[in-house]
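Everything on this sheet refers to the single structure shown next.
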Amino acid sequence: MNRQTDRRRFLQTTAALGAGFWVSGLGRAAESNSPNEKLNIGIIGATGRGGANMGGVSSENIAALCDVDSKKLASAAAKHPKAKTYDDWRKLVDQKDLDAVVVSTTDHTHAPASVWAMNRGLSVYCEKPLAHCVYEARVVQEKYLANKDKLATQMGTQIHATDNYRRVVELVQGGAIGTVREAHVWCSRVGPTPARPTDEPPCPPELNWDLWLGPAPYRPYHPSYPRGCTTWEQHWDWGNGCLGDMGSHLIDLPFWALGLRDPLNVVADGDPRSDESYPNWLTACWEHPAIGNRGPITLKWYDGIKRPPSPPGHDLNKWGIGVLFIGDKGQLLADYGKRILLPEDQYKDFKPPEQTIPPSLGHYQEWIHGVKTGAPTLCNFDYSGKLIEANLLAAVAFRVNQKLDWDAKNLKARNCPEADRFLRREYRQGWVLDG
């Protein structure tokens with residue numbers, strides 16, 4: 001038995017004693033406030049989004065901090081003076097007293113940091129998206145499935161824990177709009193399509209640029225790169241634009257409500273097409289197979305200036321984000337905070353189905369509870385791995401400019417060998433995914 005497994009059993013036992021009972025892997029055991037029950041958590045990426053995620057788990061012991069920027073690391077360390085500090089997450093995951101890590105780095109290091117942590121028996125909360133390429137998403141998913149009885153995982157799609165998403169899922173699955181075979185998802189974010197800078201200003205001394213790049217191809221530092229996620233995620237080397245980012249939140253809803261997994265095929269379009277960066281707008285269409293008595297499902301994505309056709313009485317140009325489910329008896333329009341059954345006259349006396357999805361403990365607390373007790377988490381790396389795998393497959397279809405006939409089992413586009421180089425990226429020397 002390794003140290004993490006022994007520690008996990010201790011946490012489960014103390015949680016059970018505090019509650020008076022424990023059924024392994026099932027239910028929601030109440031937790032006492034004993035300090036002995038607190039997790040030792042390592043934070044990988046300590047400010048910005050990482051700072052927000054650290055705040056979400058601050059009920060536990062912050063035992064380690066990592067950031068490639070020494071000034072940001074010092075700022076976080078001032079709030080947690082007992083935590084050990086690192087600039088390289090590969091060293092942090094080897095700290096012997098850790099129970100779990102929170103990964104809030106740039107997208108291109110999410111998967112390797114998560115896999116390395118799971119290899120050491122650590123539970124993982126990873127900011128979305130879970131991976132930077134399709135192959136990484138599959139490895140993260142499979143690594144979790146091989147260890148799901150030993151650790152808890154959660155991808156940072158916080159909206160998944162909200163009441164509105166749960167009620168939408170119940171409406172769709174309860175047949176409120178009949179059989180749904182089509183869903184549209186959109187986000188109005190318009191990202192720049194940046195060219196690679198030609199000047200090479202010096203890197204500030206507090207930033208370890210080599211570690212910021214991690215497994216990505218080397219390129220000289222430029223201040224425009226690490227400015228924020230809406231900047232660096234536009235570069236294919238580090239992100240997958242609006243689809244890779246906001247698709248994690250928005251496509252989550254139809255994925256959940258419709259029980260989607262592997263698509264049959266996907267096609268995407270956008271402008272401009274560049275080997276350097278994400279386009280100003282992108283559209284994508286996945287065809288998913290029939291499940292049970294339900295026919296195939298078409299799922300469509302639109303970002304930038306693109307929108308699906310608006311239903312009568314509702315201008316989708318006024319909705320910055322949204323999801324539109326189309327059933328054979330009606331439609332359901334939703335965003336993060338509201339939901340509307342259409343046509344509204346048809347549903348004026350409609351009584352919603354009984355609630356079947358219980359309230360969340362909170363997105364972070366759900367994960368913390370899972371680490372301590374073995375209880376399931378809804379955005380675990382099996383569910384979220386499939387979601388991100390499908391999203392990133394559309395980015396590949398766009399880059400090769402071809403509809404992909406998808407062989408999910410073998411992770412291959414049957415009709416497009418050219419897709420291979422985008423499905424699995426080459427790591428820079430000195431970096432490995434499964435370390």
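Numbering starts fresh at 1 for the residues of each chain in the structure tokens, the chains themselves are lettered A, B, ... in the order given, and ligands are numbered from 1 as they appear.
Using only C-alpha atoms, the protein and nucleic acid residues lying no more than 10 Å from Leu207 (chain A), apart from those fewer than 2 places from it along its own chain, are Asp67, Val68, Asp69, Ser70, Lys71, Lys72, Asp87, Cys203, Pro204, Pro205, Trp209, Asp210, Leu211, Trp212, Tyr221 and Pro226 of chain A.
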Generate the output file for the selected residues, C-alpha atoms, as a PDB file, in the first residue's frame.
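Writing done, so here's out.pdb:
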```pdb
ATOM      1  CA  ASP A  67       4.023  29.095 -10.250  1.00  0.00           C
ATOM      2  CA  VAL A  68       6.483  29.883 -13.031  1.00  0.00           C
ATOM      3  CA  ASP A  69       6.393  33.577 -12.036  1.00  0.00           C
ATOM      4  CA  SER A  70       8.396  34.143  -8.843  1.00  0.00           C
ATOM      5  CA  LYS A  71       6.535  37.362  -7.975  1.00  0.00           C
ATOM      6  CA  LYS A  72       3.161  35.679  -8.251  1.00  0.00           C
ATOM      7  CA  ASP A  87       8.453  26.772  -9.966  1.00  0.00           C
ATOM      8  CA  CYS A 203      11.973  38.043 -20.653  1.00  0.00           C
ATOM      9  CA  PRO A 204      11.351  39.567 -17.208  1.00  0.00           C
ATOM     10  CA  PRO A 205      13.611  37.956 -14.580  1.00  0.00           C
ATOM     11  CA  TRP A 209       9.838  31.155 -19.730  1.00  0.00           C
ATOM     12  CA  ASP A 210      11.117  27.634 -20.359  1.00  0.00           C
ATOM     13  CA  LEU A 211       8.745  26.228 -17.737  1.00  0.00           C
ATOM     14  CA  TRP A 212       5.875  28.387 -19.032  1.00  0.00           C
ATOM     15  CA  TYR A 221       9.364  35.122 -25.133  1.00  0.00           C
ATOM     16  CA  PRO A 226       1.280  35.304 -21.130  1.00  0.00           C
TER      17      PRO A 226
END
```
Mind checking which residues fall within 10 Å of Val168 (chain A), counting only C-alpha atoms, ignoring those fewer than 2 positions away in the same chain, and posting them as number ranges by chain? A: 163-166, 170-174, 176, 253-254, 256-257, 325, 332-335, 338-341
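Computed from the coordinates, the CA of Ala131 (chain A) to CA of Ala111 (chain A) distance equals 4.9 Å.
Near Arg428 (chain A), within 9 Å and counting only C-alpha atoms, sit Gly214, Pro215, Ala216, Pro217 and Tyr218 of chain A; same-chain residues fewer than 6 positions away were not included.
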Write out as a list of chain:residue names each polymer residue whose atoms come within 7 Å of Leu151 (chain A), counting only C-alpha atoms; drop sequence neighbours fewer than 3 positions from it. A:Gly121, A:Leu122, A:Ser123, A:Asn147, A:Lys148, A:Val371
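Using only C-alpha atoms, the shortest contact distance between Asn240 (chain A) and any of A:Tyr427, A:Trp319, A:Phe398, A:Trp89 is found at A:Phe398.
Minimum distance to Ile326 (chain A) across A:Thr230, A:Gln346, A:Thr179, A:Gln355 (counting only C-alpha atoms) occurs at A:Thr179.
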Quick one: pick out all strand (DSSP E) residues within region 252-388 of chain A from a backbone DSSP run and write them as a PyMOL selection string. chain A and resi 265-271+281-288+297-303+321-327+331-334+339-342
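Residues within 10 Å of Tyr364 (chain A), counting only C-alpha atoms and excluding same-chain residues fewer than 4 positions away, are Asn53, Met54, Gly55, Gly56, Val57, Ser58, Tyr125, Gln154, Met155, Gly156, Gln158, Ala161, Ser360, Ile368, His369, Gly370 and Thr377 of chain A.
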Apply DSSP to the structure's backbone, then extract all residues of region 240-282 of chain A labelled alpha helix (DSSP H) and return them as a PyMOL selection string. chain A and resi 241-245+247-250+252-258
